[in-house]
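Here is entry-v1.txt, consisting of compact mmCIF, C-alpha atoms:
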# COMPACT_ATOMS: atom_id res chain seq x y z
CA MET C 1 -66.32 -66.49 -111.45
CA ARG C 2 -64.88 -63.07 -110.73
CA LYS C 3 -61.36 -61.87 -110.39
CA THR C 4 -60.89 -60.65 -106.86
CA ILE C 5 -58.32 -58.83 -104.80
CA PHE C 6 -58.09 -60.00 -101.22
CA PHE C 7 -56.64 -57.37 -98.93
CA ASP C 8 -55.20 -57.77 -95.50
CA ARG C 9 -56.43 -54.84 -93.38
CA ASP C 10 -53.81 -53.64 -90.87
CA GLY C 11 -50.59 -52.46 -92.46
CA THR C 12 -52.10 -52.85 -95.93
CA LEU C 13 -55.07 -50.45 -96.08
CA ILE C 14 -54.89 -48.82 -92.65
CA ILE C 15 -52.05 -48.11 -90.26
CA ASP C 16 -51.49 -51.10 -88.00
CA LYS C 17 -52.34 -49.87 -84.48
CA VAL C 18 -51.81 -53.37 -83.01
CA TYR C 19 -55.15 -54.64 -81.70
CA LEU C 20 -57.21 -51.73 -83.01
CA ASN C 21 -60.35 -51.62 -80.87
CA ASP C 22 -61.34 -47.96 -81.18
CA PRO C 23 -63.09 -47.12 -84.47
CA ASP C 24 -62.02 -43.49 -84.02
CA GLN C 25 -58.37 -44.58 -84.37
CA ILE C 26 -58.63 -45.76 -88.01
CA THR C 27 -55.96 -44.07 -90.12
CA TYR C 28 -55.65 -44.84 -93.82
CA LEU C 29 -52.30 -45.46 -95.46
CA PRO C 30 -51.21 -43.00 -98.17
CA GLY C 31 -52.46 -43.79 -101.67
CA VAL C 32 -54.97 -46.49 -100.73
CA PHE C 33 -58.02 -44.78 -102.21
CA GLU C 34 -56.22 -44.04 -105.48
CA ALA C 35 -54.85 -47.58 -105.65
CA LEU C 36 -58.22 -49.22 -105.14
CA ARG C 37 -59.89 -46.91 -107.68
CA GLU C 38 -57.30 -47.98 -110.27
CA LEU C 39 -57.85 -51.65 -109.47
CA GLN C 40 -61.63 -51.27 -109.44
CA ASN C 41 -61.39 -49.76 -112.92
CA GLU C 42 -59.70 -53.03 -113.99
CA GLY C 43 -62.83 -54.97 -113.00
CA TYR C 44 -61.78 -56.48 -109.67
CA GLN C 45 -64.05 -57.08 -106.74
CA PHE C 46 -62.51 -56.46 -103.30
CA VAL C 47 -62.57 -58.56 -100.15
CA ILE C 48 -60.88 -57.86 -96.82
CA VAL C 49 -59.43 -60.87 -94.98
CA THR C 50 -57.95 -60.05 -91.59
CA ASN C 51 -56.55 -62.05 -88.70
CA GLN C 52 -57.90 -60.60 -85.46
CA SER C 53 -56.35 -62.51 -82.56
CA GLY C 54 -57.13 -59.52 -80.35
CA VAL C 55 -60.71 -60.80 -80.21
CA ALA C 56 -59.55 -64.17 -78.80
CA ARG C 57 -57.33 -62.32 -76.33
CA GLY C 58 -60.22 -60.13 -75.13
CA ILE C 59 -58.50 -56.94 -76.34
CA VAL C 60 -60.84 -56.27 -79.30
CA SER C 61 -64.63 -56.54 -78.99
CA LEU C 62 -66.70 -58.03 -81.80
CA GLU C 63 -68.94 -54.94 -81.69
CA ASN C 64 -65.97 -52.63 -82.27
CA LEU C 65 -64.57 -54.93 -84.96
CA ASP C 66 -67.89 -54.72 -86.82
CA GLU C 67 -67.96 -50.93 -86.40
CA ILE C 68 -64.37 -50.61 -87.66
CA HIS C 69 -65.32 -52.57 -90.77
CA ARG C 70 -68.49 -50.53 -91.25
CA ARG C 71 -66.46 -47.31 -91.09
CA ILE C 72 -63.81 -48.61 -93.47
CA ALA C 73 -66.52 -49.60 -95.96
CA ALA C 74 -68.13 -46.15 -95.61
CA ALA C 75 -64.83 -44.29 -96.10
CA PHE C 76 -64.04 -46.23 -99.27
CA ALA C 77 -67.64 -45.80 -100.50
CA GLU C 78 -67.14 -42.03 -100.25
CA HIS C 79 -64.40 -42.57 -102.87
CA GLY C 80 -66.67 -44.74 -105.04
CA ILE C 81 -65.04 -47.99 -103.91
CA LYS C 82 -67.04 -51.01 -102.75
CA PHE C 83 -65.96 -54.08 -100.80
CA ALA C 84 -67.86 -57.27 -101.63
CA LYS C 85 -67.26 -58.71 -98.17
CA PHE C 86 -65.21 -58.49 -94.97
CA TYR C 87 -63.89 -61.61 -93.28
CA SER C 88 -62.09 -61.77 -89.96
CA ALA C 89 -60.44 -64.65 -88.15
CA PRO C 90 -60.97 -63.94 -84.42
CA TYR C 91 -58.83 -66.90 -83.39
CA SER C 92 -55.66 -67.08 -81.35
CA VAL C 93 -52.28 -67.28 -83.02
CA GLU C 94 -51.84 -70.78 -81.61
CA SER C 95 -55.15 -72.12 -82.96
CA ASN C 96 -54.15 -72.92 -86.57
CA HIS C 97 -57.84 -72.42 -87.38
CA HIS C 98 -58.54 -72.89 -91.10
CA TRP C 99 -59.64 -69.24 -91.38
CA ARG C 100 -56.50 -67.87 -89.78
CA LYS C 101 -53.85 -66.88 -92.32
CA PRO C 102 -51.57 -68.46 -93.56
CA ASN C 103 -54.46 -70.88 -94.03
CA PRO C 104 -56.77 -70.05 -96.96
CA GLY C 105 -60.13 -70.43 -95.17
CA MET C 106 -61.32 -66.83 -95.50
CA LEU C 107 -60.49 -66.81 -99.22
CA GLU C 108 -62.30 -70.10 -99.71
CA ALA C 109 -65.32 -68.76 -97.81
CA ALA C 110 -65.41 -65.78 -100.18
CA HIS C 111 -65.38 -68.19 -103.13
CA GLN C 112 -68.49 -69.87 -101.69
CA ASP C 113 -70.27 -66.72 -100.52
CA LEU C 114 -69.68 -64.61 -103.62
CA GLY C 115 -70.61 -67.20 -106.22
CA GLY C 116 -67.11 -68.10 -107.30
CA VAL C 117 -63.70 -66.48 -107.33
CA ASP C 118 -61.33 -66.87 -110.26
CA PHE C 119 -58.33 -67.57 -108.06
CA ALA C 120 -55.86 -67.87 -110.96
CA ASN C 121 -56.67 -64.28 -111.95
CA SER C 122 -56.95 -62.96 -108.41
CA TRP C 123 -54.47 -61.45 -105.96
CA MET C 124 -53.82 -61.55 -102.22
CA VAL C 125 -52.20 -58.34 -100.92
CA GLY C 126 -50.71 -57.99 -97.45
CA ASP C 127 -47.81 -56.83 -95.33
CA ARG C 128 -46.87 -60.23 -93.88
CA MET C 129 -45.69 -63.46 -95.42
CA SER C 130 -48.66 -65.24 -93.81
CA ASP C 131 -50.88 -63.13 -96.11
CA VAL C 132 -48.80 -64.18 -99.11
CA GLU C 133 -48.97 -67.83 -98.08
CA ALA C 134 -52.77 -67.75 -97.64
CA GLY C 135 -53.08 -66.38 -101.17
CA ARG C 136 -50.67 -68.97 -102.56
CA ARG C 137 -52.58 -71.80 -100.86
CA ALA C 138 -55.81 -70.55 -102.43
CA GLY C 139 -54.20 -70.34 -105.88
CA CYS C 140 -53.85 -66.54 -106.10
CA ARG C 141 -50.99 -64.41 -107.24
CA THR C 142 -49.55 -62.50 -104.30
CA VAL C 143 -48.19 -59.14 -103.18
CA LEU C 144 -46.07 -58.39 -100.14
CA LEU C 145 -45.87 -54.75 -99.11
CA ALA C 146 -42.53 -53.75 -97.59
CA GLY C 147 -42.24 -52.64 -94.01
CA VAL C 148 -42.80 -55.53 -91.62
CA GLU C 149 -41.30 -58.57 -93.32
CA THR C 150 -39.33 -59.48 -96.39
CA PRO C 151 -39.48 -62.69 -98.42
CA ALA C 152 -36.02 -63.56 -97.07
CA ASP C 153 -37.44 -63.52 -93.50
CA SER C 154 -39.78 -66.40 -94.24
CA SER C 155 -39.87 -70.08 -95.03
CA PHE C 156 -42.96 -69.44 -97.20
CA ALA C 157 -42.68 -69.07 -101.00
CA ALA C 158 -41.81 -65.59 -102.27
CA PRO C 159 -44.63 -63.30 -103.46
CA THR C 160 -45.34 -62.53 -107.10
CA ILE C 161 -44.65 -58.85 -106.30
CA PHE C 162 -42.66 -57.29 -103.46
CA ALA C 163 -43.42 -53.56 -103.44
CA PRO C 164 -42.68 -50.56 -101.22
CA ASP C 165 -46.34 -49.47 -101.07
CA LEU C 166 -49.83 -50.29 -102.33
CA LEU C 167 -49.85 -47.77 -105.17
CA THR C 168 -46.61 -49.16 -106.61
CA ALA C 169 -47.95 -52.71 -106.21
CA THR C 170 -51.20 -51.71 -107.92
CA ARG C 171 -49.41 -50.49 -111.01
CA GLU C 172 -47.30 -53.68 -111.15
CA MET C 173 -50.42 -55.82 -110.78
CA ILE C 174 -52.17 -53.98 -113.59
CA LYS C 175 -49.08 -54.28 -115.81
CA ILE C 176 -48.92 -58.05 -115.19
CA ASP C 177 -52.64 -58.48 -115.83
CA ARG C 178 -52.59 -56.52 -119.07
CA SER C 179 -49.63 -58.57 -120.37
CA ARG C 180 -51.53 -61.88 -119.96

Take the structure in the file and write it out as structure tokens.
Amino acid sequence: MRKTIFFDRDGTLIIDKVYLNDPDQITYLPGVFEALRELQNEGYQFVIVTNQSGVARGIVSLENLDEIHRRIAAAFAEHGIKFAKFYSAPYSVESNHHWRKPNPGMLEAAHQDLGGVDFANSWMVGDRMSDVEAGRRAGCRTVLLAGVETPADSSFAAPTIFAPDLLTATREMIKIDRSR
């Protein structure tokens, strides 16, 4: 079983454009390539888990969603960073589908598909408390990036780390892991 970092996509790795459907509109957040290089050097595999209700609403096409993920993978690969897998939940907000965060379905699917995830030594990183809750339900440690929500805004359990940005969170994660 491998230690894994599950990343939300929008607002975590790329700027949240709200229903991004145009692959040419991908914009990376500052420090993401450096952060993932540091985490990759610690032996983590990376998985993206993203709610995409825009597909259910007819705003985002599956073809464009696949192309967006292909381009994200290619951009990170140019920096020597590899994603093990991309998962998306193309279900409506109202569906409560098991794959839609805060449910842990995408994380559990990665466990099956990738030959085992060491959830106790893994992290879920996102910009919403539903990301944090999905990680908690799967048994991961969690990170909430500041900007959209705070732990006080939510009825879900607080994250392990609440950080202003991904690079700061990365260094806290590494510090925690090395102290274990």

Best match for closeness to Lys17 of chain C among C:Val60, C:Leu39, C:Glu34, C:Ala157, counting all atoms listed in the file =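 Smallest distance to Lys17 of chain C is found for C:Val60.
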
Would you mind listing what lies within 10 Å of Lys82 of chain C as a short mmCIF file (atom, residue, chain, number, x, y, z; two decimals) with C-alpha atoms, keeping the file's coordinate frame, with all atoms listed in the file counted and same-chain residues fewer than 5 positions away left out?
data_model
loop_
_atom_site.label_atom_id
_atom_site.label_comp_id
_atom_site.auth_asym_id
_atom_site.auth_seq_id
_atom_site.Cartn_x
_atom_site.Cartn_y
_atom_site.Cartn_z
CA LEU C 36 -58.22 -49.22 -105.14
CA ARG C 37 -59.89 -46.91 -107.68
CA GLN C 40 -61.63 -51.27 -109.44
CA GLN C 45 -64.05 -57.08 -106.74
CA PHE C 46 -62.51 -56.46 -103.30
CA VAL C 47 -62.57 -58.56 -100.15
CA ALA C 73 -66.52 -49.60 -95.96
CA ALA C 74 -68.13 -46.15 -95.61
CA ALA C 75 -64.83 -44.29 -96.10
CA PHE C 76 -64.04 -46.23 -99.27
CA ALA C 77 -67.64 -45.80 -100.50
#

With 6 Å as the cut-off and only C-alpha atoms counted, what is the closest atom pair between each nearby residue of segment 39-124 of chain C and segment 128-148 of chain C? Distances in Å to one decimal, ordered by chain and number, as CSV.
residue,atom,partner,partner_atom,distance
C:Lys101,CA,C:Ala134,CA,5.5
C:Pro102,CA,C:Ala134,CA,4.3
C:Asn103,CA,C:Ala134,CA,5.1
C:Pro104,CA,C:Ala134,CA,4.7
C:Phe119,CA,C:Cys140,CA,5.0
C:Ala120,CA,C:Cys140,CA,5.4
C:Ser122,CA,C:Cys140,CA,5.3
C:Trp123,CA,C:Arg141,CA,4.7
C:Met124,CA,C:Thr142,CA,4.8

Closest to Ser88 of chain C among C:Gln52, C:Asn121, C:Ser179, C:Thr4, using only C-alpha atoms?
->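 Checking each candidate against Ser88 of chain C, we get C:Gln52 as the closest.
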
Between atom CA of Phe162 of chain C and atom CA of Tyr44 of chain C, distance in Å (one decimal) =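 These atoms are spaced 20.1 Å apart.
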
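Shortest atom-to-atom contact with Gly11 of chain C among C:Glu94, C:Arg180, C:Ser53, C:Leu166: C:Leu166, counting only C-alpha atoms.
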
Pairwise distance for atom CA of Phe156 of chain C and atom CA of Asp8 of chain C, rounded to one decimal in Å = 17.0 Å

Selected residue of minimal separation from Ile26 of chain C among C:Ser95, C:Gln112, C:Thr160, C:Asn64, counting all atoms listed in the file |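 Answer, going by the shortest atom-to-atom distance: C:Asn64.
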
Using all atoms listed in the file, pick whichever of C:Lys3, C:Leu13, C:Asn21, C:Gly31 has the shortest atom-to-atom distance to Arg171 of chain C.
-> C:Gly31

Quick one: what's the axis-aligned box for segment 110-116 of chain C, all listed atoms, 3 Å on every side, centre and edges in Å to one decimal, as JSON?
{"center_x": -68.0, "center_y": -67.2, "center_z": -103.7, "size_x": 11.2, "size_y": 11.3, "size_z": 13.1}

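Take the candidates C:Pro90, C:Thr168, C:Ile48, C:His79 and check each one against Asp10 of chain C using all atoms listed in the file; the shortest distance goes to C:Ile48.
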
One decimal, Å: what's the distance from atom CA of Glu108 of chain C over to atom CA of His69 of chain C, could you say?
-> 19.9 Å
